[in-house]
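What follows is the content of upload.cif, which has mmCIF, N, CA and C atoms:
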data_final
loop_
_atom_site.label_atom_id
_atom_site.label_comp_id
_atom_site.auth_asym_id
_atom_site.auth_seq_id
_atom_site.Cartn_x
_atom_site.Cartn_y
_atom_site.Cartn_z
N MET A 1 40.86 -38.33 -12.42
CA MET A 1 39.99 -37.18 -12.27
C MET A 1 38.79 -37.28 -13.18
N THR A 2 38.99 -37.72 -14.39
CA THR A 2 37.85 -37.90 -15.29
C THR A 2 37.58 -39.38 -15.41
N ALA A 3 36.34 -39.70 -15.51
CA ALA A 3 35.96 -41.11 -15.62
C ALA A 3 35.40 -41.36 -17.01
N GLY A 4 36.19 -41.90 -17.87
CA GLY A 4 35.68 -42.32 -19.17
C GLY A 4 35.66 -41.22 -20.20
N LEU A 5 34.55 -40.52 -20.36
CA LEU A 5 34.34 -39.62 -21.49
C LEU A 5 34.59 -38.15 -21.13
N GLY A 6 35.50 -37.88 -20.25
CA GLY A 6 35.80 -36.48 -19.92
C GLY A 6 34.85 -35.88 -18.91
N VAL A 7 34.07 -36.71 -18.25
CA VAL A 7 33.11 -36.24 -17.26
C VAL A 7 33.72 -36.46 -15.88
N MET A 8 33.53 -35.48 -14.99
CA MET A 8 34.07 -35.59 -13.64
C MET A 8 33.39 -36.76 -12.94
N SER A 9 34.17 -37.56 -12.23
CA SER A 9 33.57 -38.67 -11.50
C SER A 9 32.94 -38.15 -10.21
N PRO A 10 31.82 -38.73 -9.80
CA PRO A 10 31.13 -38.23 -8.62
C PRO A 10 31.92 -38.41 -7.33
N THR A 11 32.89 -39.32 -7.31
CA THR A 11 33.65 -39.54 -6.08
C THR A 11 34.68 -38.46 -5.85
N ASP A 12 35.18 -37.83 -6.92
CA ASP A 12 36.22 -36.83 -6.79
C ASP A 12 35.67 -35.47 -6.33
N THR A 13 34.47 -35.16 -6.66
CA THR A 13 33.93 -33.84 -6.33
C THR A 13 33.01 -33.94 -5.13
N LYS A 14 32.91 -32.85 -4.40
CA LYS A 14 31.98 -32.79 -3.29
C LYS A 14 30.61 -32.40 -3.81
N ARG A 15 29.61 -33.13 -3.41
CA ARG A 15 28.25 -32.83 -3.85
C ARG A 15 27.54 -32.06 -2.75
N ILE A 16 27.70 -30.74 -2.73
CA ILE A 16 27.07 -29.91 -1.71
C ILE A 16 25.61 -29.69 -2.05
N GLY A 17 25.31 -29.36 -3.27
CA GLY A 17 23.95 -29.14 -3.70
C GLY A 17 23.94 -29.00 -5.21
N THR A 18 22.79 -29.10 -5.80
CA THR A 18 22.68 -28.94 -7.24
C THR A 18 21.84 -27.71 -7.53
N ILE A 19 21.74 -27.37 -8.78
CA ILE A 19 20.93 -26.21 -9.15
C ILE A 19 19.47 -26.46 -8.81
N ASP A 20 19.00 -27.67 -9.11
CA ASP A 20 17.60 -28.00 -8.83
C ASP A 20 17.34 -28.22 -7.35
N ARG A 21 18.32 -28.76 -6.65
CA ARG A 21 18.16 -29.04 -5.22
C ARG A 21 19.32 -28.42 -4.45
N PRO A 22 19.27 -27.09 -4.23
CA PRO A 22 20.38 -26.45 -3.50
C PRO A 22 20.36 -26.89 -2.04
N GLN A 23 21.56 -26.80 -1.43
CA GLN A 23 21.64 -27.17 -0.02
C GLN A 23 20.81 -26.21 0.82
N THR A 24 20.79 -24.94 0.45
CA THR A 24 19.98 -23.95 1.15
C THR A 24 19.31 -23.06 0.12
N HIS A 25 18.16 -22.54 0.45
CA HIS A 25 17.46 -21.65 -0.48
C HIS A 25 17.80 -20.19 -0.23
N ASP A 26 18.52 -19.92 0.84
CA ASP A 26 18.91 -18.55 1.15
C ASP A 26 20.10 -18.18 0.27
N PRO A 27 19.96 -17.18 -0.61
CA PRO A 27 21.05 -16.86 -1.55
C PRO A 27 22.31 -16.39 -0.83
N ARG A 28 22.17 -15.83 0.37
CA ARG A 28 23.36 -15.34 1.08
C ARG A 28 24.21 -16.50 1.59
N ASN A 29 23.60 -17.65 1.83
CA ASN A 29 24.34 -18.80 2.36
C ASN A 29 24.81 -19.76 1.27
N GLN A 30 24.44 -19.50 0.03
CA GLN A 30 24.86 -20.39 -1.03
C GLN A 30 26.29 -20.07 -1.42
N ALA A 31 26.98 -21.09 -1.90
CA ALA A 31 28.36 -20.91 -2.33
C ALA A 31 28.38 -20.09 -3.61
N PRO A 32 29.36 -19.20 -3.75
CA PRO A 32 29.42 -18.39 -4.98
C PRO A 32 29.79 -19.26 -6.18
N MET A 33 29.34 -18.84 -7.34
CA MET A 33 29.65 -19.59 -8.56
C MET A 33 31.09 -19.31 -8.95
N ILE A 34 31.84 -20.34 -9.17
CA ILE A 34 33.25 -20.21 -9.53
C ILE A 34 33.41 -20.68 -10.97
N THR A 35 34.05 -19.85 -11.79
CA THR A 35 34.27 -20.25 -13.18
C THR A 35 35.43 -21.24 -13.21
N PRO A 36 35.31 -22.30 -14.00
CA PRO A 36 36.40 -23.28 -14.07
C PRO A 36 37.63 -22.68 -14.74
N MET A 37 38.79 -23.16 -14.35
CA MET A 37 40.05 -22.64 -14.89
C MET A 37 40.28 -23.08 -16.33
N ARG A 38 39.62 -24.16 -16.74
CA ARG A 38 39.83 -24.67 -18.10
C ARG A 38 39.21 -23.78 -19.15
N GLU A 39 38.22 -22.98 -18.76
CA GLU A 39 37.52 -22.15 -19.74
C GLU A 39 38.38 -20.95 -20.12
N PRO A 40 38.58 -20.71 -21.40
CA PRO A 40 39.41 -19.57 -21.81
C PRO A 40 38.74 -18.25 -21.44
N VAL A 41 39.55 -17.28 -21.17
CA VAL A 41 39.05 -15.98 -20.76
C VAL A 41 38.34 -15.33 -21.92
N GLY A 42 37.17 -14.78 -21.66
CA GLY A 42 36.43 -14.07 -22.69
C GLY A 42 35.55 -14.96 -23.54
N SER A 43 35.54 -16.27 -23.29
CA SER A 43 34.73 -17.15 -24.13
C SER A 43 33.25 -17.07 -23.74
N ALA A 44 33.00 -16.88 -22.48
CA ALA A 44 31.61 -16.80 -22.02
C ALA A 44 31.19 -15.34 -21.96
N THR A 45 29.90 -15.12 -21.90
CA THR A 45 29.41 -13.75 -21.78
C THR A 45 29.78 -13.20 -20.41
N GLN A 46 30.08 -11.94 -20.37
CA GLN A 46 30.50 -11.33 -19.12
C GLN A 46 29.31 -11.19 -18.17
N ASP A 47 29.65 -11.12 -16.88
CA ASP A 47 28.61 -10.89 -15.89
C ASP A 47 28.03 -9.50 -16.10
N VAL A 48 26.72 -9.42 -16.15
CA VAL A 48 26.05 -8.15 -16.39
C VAL A 48 25.43 -7.69 -15.09
N THR A 49 25.79 -6.49 -14.69
CA THR A 49 25.14 -5.90 -13.52
C THR A 49 24.37 -4.69 -14.00
N ILE A 50 23.13 -4.65 -13.70
CA ILE A 50 22.29 -3.53 -14.11
C ILE A 50 22.41 -2.46 -13.05
N ILE A 51 22.90 -1.33 -13.46
CA ILE A 51 23.07 -0.23 -12.50
C ILE A 51 21.70 0.28 -12.10
N GLY A 52 21.48 0.37 -10.81
CA GLY A 52 20.22 0.89 -10.31
C GLY A 52 19.18 -0.19 -10.05
N ALA A 53 19.50 -1.45 -10.37
CA ALA A 53 18.52 -2.51 -10.16
C ALA A 53 18.25 -2.69 -8.68
N SER A 54 19.30 -2.67 -7.89
CA SER A 54 19.09 -2.84 -6.45
C SER A 54 18.36 -1.63 -5.87
N ASP A 55 18.64 -0.44 -6.43
CA ASP A 55 17.92 0.76 -5.97
C ASP A 55 16.44 0.66 -6.27
N SER A 56 16.10 0.16 -7.49
CA SER A 56 14.69 0.04 -7.82
C SER A 56 14.02 -1.01 -6.95
N ARG A 57 14.77 -2.11 -6.68
CA ARG A 57 14.22 -3.12 -5.77
C ARG A 57 14.00 -2.53 -4.39
N GLN A 58 14.98 -1.72 -3.94
CA GLN A 58 14.85 -1.10 -2.63
C GLN A 58 13.68 -0.13 -2.62
N ASN A 59 13.50 0.62 -3.70
CA ASN A 59 12.37 1.54 -3.78
C ASN A 59 11.06 0.78 -3.74
N ARG A 60 11.00 -0.33 -4.48
CA ARG A 60 9.78 -1.13 -4.48
C ARG A 60 9.49 -1.65 -3.07
N THR A 61 10.53 -2.08 -2.39
CA THR A 61 10.35 -2.57 -1.02
C THR A 61 9.85 -1.45 -0.14
N ARG A 62 10.45 -0.26 -0.28
CA ARG A 62 10.04 0.89 0.53
C ARG A 62 8.59 1.26 0.22
N GLU A 63 8.24 1.24 -1.07
CA GLU A 63 6.86 1.55 -1.45
C GLU A 63 5.90 0.51 -0.89
N MET A 64 6.30 -0.76 -0.92
CA MET A 64 5.45 -1.81 -0.36
C MET A 64 5.25 -1.61 1.13
N GLN A 65 6.31 -1.15 1.83
CA GLN A 65 6.18 -0.92 3.26
C GLN A 65 5.30 0.28 3.55
N LEU A 66 5.24 1.23 2.61
CA LEU A 66 4.45 2.44 2.84
C LEU A 66 3.00 2.29 2.40
N ILE A 67 2.66 1.19 1.74
CA ILE A 67 1.28 0.99 1.27
C ILE A 67 0.29 1.00 2.42
N PRO A 68 0.53 0.28 3.54
CA PRO A 68 -0.46 0.34 4.63
C PRO A 68 -0.65 1.74 5.19
N GLU A 69 0.45 2.50 5.25
CA GLU A 69 0.35 3.87 5.75
C GLU A 69 -0.50 4.72 4.81
N ALA A 70 -0.27 4.58 3.51
CA ALA A 70 -1.06 5.34 2.54
C ALA A 70 -2.52 4.91 2.57
N LEU A 71 -2.75 3.62 2.75
CA LEU A 71 -4.12 3.11 2.84
C LEU A 71 -4.81 3.65 4.08
N ALA A 72 -4.09 3.67 5.21
CA ALA A 72 -4.66 4.22 6.45
C ALA A 72 -4.96 5.71 6.29
N ARG A 73 -4.07 6.42 5.60
CA ARG A 73 -4.30 7.85 5.38
C ARG A 73 -5.53 8.08 4.51
N ALA A 74 -5.72 7.24 3.49
CA ALA A 74 -6.89 7.37 2.62
C ALA A 74 -8.17 7.06 3.40
N HIS A 75 -8.11 6.01 4.25
CA HIS A 75 -9.29 5.68 5.07
C HIS A 75 -9.61 6.82 6.02
N MET A 76 -8.57 7.40 6.64
CA MET A 76 -8.79 8.50 7.57
C MET A 76 -9.39 9.70 6.85
N HIS A 77 -8.90 9.97 5.64
CA HIS A 77 -9.45 11.08 4.85
C HIS A 77 -10.93 10.83 4.56
N ASP A 78 -11.27 9.60 4.17
CA ASP A 78 -12.68 9.25 3.90
C ASP A 78 -13.54 9.41 5.15
N ARG A 79 -13.02 8.92 6.30
CA ARG A 79 -13.80 9.04 7.55
C ARG A 79 -14.00 10.50 7.93
N LEU A 80 -12.97 11.34 7.75
CA LEU A 80 -13.10 12.77 8.06
C LEU A 80 -14.13 13.43 7.15
N ARG A 81 -14.11 13.06 5.86
CA ARG A 81 -15.07 13.62 4.92
C ARG A 81 -16.50 13.19 5.29
N GLU A 82 -16.66 11.91 5.65
CA GLU A 82 -17.98 11.43 6.05
C GLU A 82 -18.46 12.13 7.33
N ALA A 83 -17.54 12.33 8.28
CA ALA A 83 -17.90 13.01 9.52
C ALA A 83 -18.32 14.45 9.24
N GLU A 84 -17.58 15.12 8.35
CA GLU A 84 -17.93 16.51 8.00
C GLU A 84 -19.29 16.56 7.31
N GLU A 85 -19.56 15.60 6.41
CA GLU A 85 -20.87 15.54 5.76
C GLU A 85 -21.98 15.30 6.79
N GLY A 86 -21.69 14.44 7.77
CA GLY A 86 -22.67 14.18 8.82
C GLY A 86 -22.94 15.42 9.65
N ARG A 87 -21.88 16.16 10.01
CA ARG A 87 -22.06 17.41 10.77
C ARG A 87 -22.85 18.43 9.96
N GLN A 88 -22.55 18.50 8.66
CA GLN A 88 -23.27 19.43 7.79
C GLN A 88 -24.75 19.06 7.72
N ALA A 89 -25.05 17.75 7.66
CA ALA A 89 -26.44 17.32 7.62
C ALA A 89 -27.15 17.66 8.93
N VAL A 90 -26.46 17.47 10.06
CA VAL A 90 -27.06 17.81 11.36
C VAL A 90 -27.33 19.31 11.45
N ARG A 91 -26.38 20.12 10.96
CA ARG A 91 -26.59 21.59 10.96
C ARG A 91 -27.78 21.97 10.08
N MET A 92 -27.91 21.28 8.92
CA MET A 92 -29.02 21.58 8.01
C MET A 92 -30.37 21.24 8.68
N VAL A 93 -30.44 20.10 9.35
CA VAL A 93 -31.67 19.69 10.03
C VAL A 93 -32.00 20.69 11.13
N ALA A 94 -31.00 21.11 11.89
CA ALA A 94 -31.22 22.09 12.97
C ALA A 94 -31.69 23.42 12.39
N ALA A 95 -31.11 23.83 11.27
CA ALA A 95 -31.50 25.10 10.64
C ALA A 95 -32.96 25.04 10.16
N ARG A 96 -33.35 23.92 9.57
CA ARG A 96 -34.75 23.78 9.12
C ARG A 96 -35.72 23.79 10.30
N ARG A 97 -35.30 23.11 11.38
CA ARG A 97 -36.14 23.09 12.58
C ARG A 97 -36.32 24.52 13.12
N MET A 98 -35.23 25.27 13.21
CA MET A 98 -35.33 26.66 13.71
C MET A 98 -36.15 27.53 12.76
N GLN A 99 -36.03 27.29 11.44
CA GLN A 99 -36.82 28.06 10.48
C GLN A 99 -38.31 27.80 10.68
N ARG A 100 -38.70 26.52 10.84
CA ARG A 100 -40.12 26.22 11.08
C ARG A 100 -40.61 26.85 12.39
N ARG A 101 -39.76 26.79 13.42
CA ARG A 101 -40.13 27.39 14.70
C ARG A 101 -40.32 28.90 14.55
N ALA A 102 -39.44 29.56 13.78
CA ALA A 102 -39.55 31.01 13.55
C ALA A 102 -40.82 31.33 12.75
N GLU A 103 -41.14 30.50 11.75
CA GLU A 103 -42.36 30.72 10.96
C GLU A 103 -43.60 30.59 11.84
N ARG A 104 -43.64 29.58 12.73
CA ARG A 104 -44.78 29.44 13.65
C ARG A 104 -44.89 30.63 14.59
N ALA A 105 -43.74 31.10 15.09
CA ALA A 105 -43.76 32.27 15.99
C ALA A 105 -44.26 33.50 15.23
N SER A 106 -43.86 33.64 13.95
CA SER A 106 -44.31 34.77 13.14
C SER A 106 -45.82 34.71 12.92
N LEU A 107 -46.34 33.50 12.63
CA LEU A 107 -47.79 33.35 12.45
C LEU A 107 -48.54 33.67 13.74
N ARG A 108 -48.02 33.24 14.89
CA ARG A 108 -48.68 33.57 16.17
C ARG A 108 -48.69 35.08 16.41
N ALA A 109 -47.58 35.74 16.08
CA ALA A 109 -47.51 37.19 16.27
C ALA A 109 -48.51 37.89 15.35
N ARG A 110 -48.63 37.45 14.10
CA ARG A 110 -49.60 38.04 13.16
C ARG A 110 -51.03 37.87 13.67
N ARG A 111 -51.29 36.63 14.13
CA ARG A 111 -52.62 36.36 14.66
C ARG A 111 -52.93 37.24 15.87
N ALA A 112 -51.94 37.35 16.73
CA ALA A 112 -52.15 38.19 17.93
C ALA A 112 -52.36 39.64 17.52
N LEU A 113 -51.63 40.13 16.54
CA LEU A 113 -51.80 41.51 16.06
C LEU A 113 -53.18 41.69 15.43
N ALA A 114 -53.58 40.71 14.62
CA ALA A 114 -54.90 40.79 13.97
C ALA A 114 -56.01 40.78 15.02
N MET A 115 -55.86 39.98 16.06
CA MET A 115 -56.86 39.93 17.12
C MET A 115 -56.91 41.27 17.86
N ALA A 116 -55.75 41.87 18.06
CA ALA A 116 -55.71 43.14 18.78
C ALA A 116 -56.35 44.24 17.94
N VAL A 117 -56.13 44.22 16.64
CA VAL A 117 -56.70 45.24 15.75
C VAL A 117 -58.22 45.05 15.62
N MET A 118 -58.65 43.82 15.59
CA MET A 118 -60.08 43.53 15.40
C MET A 118 -60.90 43.94 16.63
N GLN A 119 -60.36 43.98 17.80
CA GLN A 119 -61.17 44.29 18.99
C GLN A 119 -61.22 45.73 19.25
#
Could I get this structure in the form of structure tokens?
Amino acid sequence: MTAGLGVMSPTDTKRIGTIDRPQTHDPRNQAPMITPMREPVGSATQDVTIIGASDSRQNRTREMQLIPEALARAHMHDRLREAEEGRQAVRMVAARRMQRRAERASLRARRALAMAVMQ
């Protein structure tokens, strides 16, 4: 089983993949890590699972998926604001045009009144 200096011989073990060159890069298809039986219990550090890590990853994924929607909503808000500003500008131009027209009509009426009084 061991060849020489306590090292496993390559012929006895199956070489499925190494850490640097795994057989597959998909973590779901990789073989689980198995602790050797020779190692005494409690000698290595225990597996640490961070509670909520997968939830935060899931939240990040959900937020990433919602970014285009938020971006589209912001663009739509900007377009609506620009359209409202454009409508307001058109109303302002129309109001000024009507004001000038009313001033000209007022001047014509004054002139007509002055002509009527003078004769």
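One distance worth recording is that between atom C of A:Gln99 and atom CA of A:Ala116, which is 24.6 Å.
Atom pair atom N of A:Arg79 / atom C of A:Ile67 has a distance of 16.0 Å (rounded to one decimal).
Rounded to one decimal, atom N of A:Glu82 and atom C of A:Ala95 lie 21.4 Å from each other.
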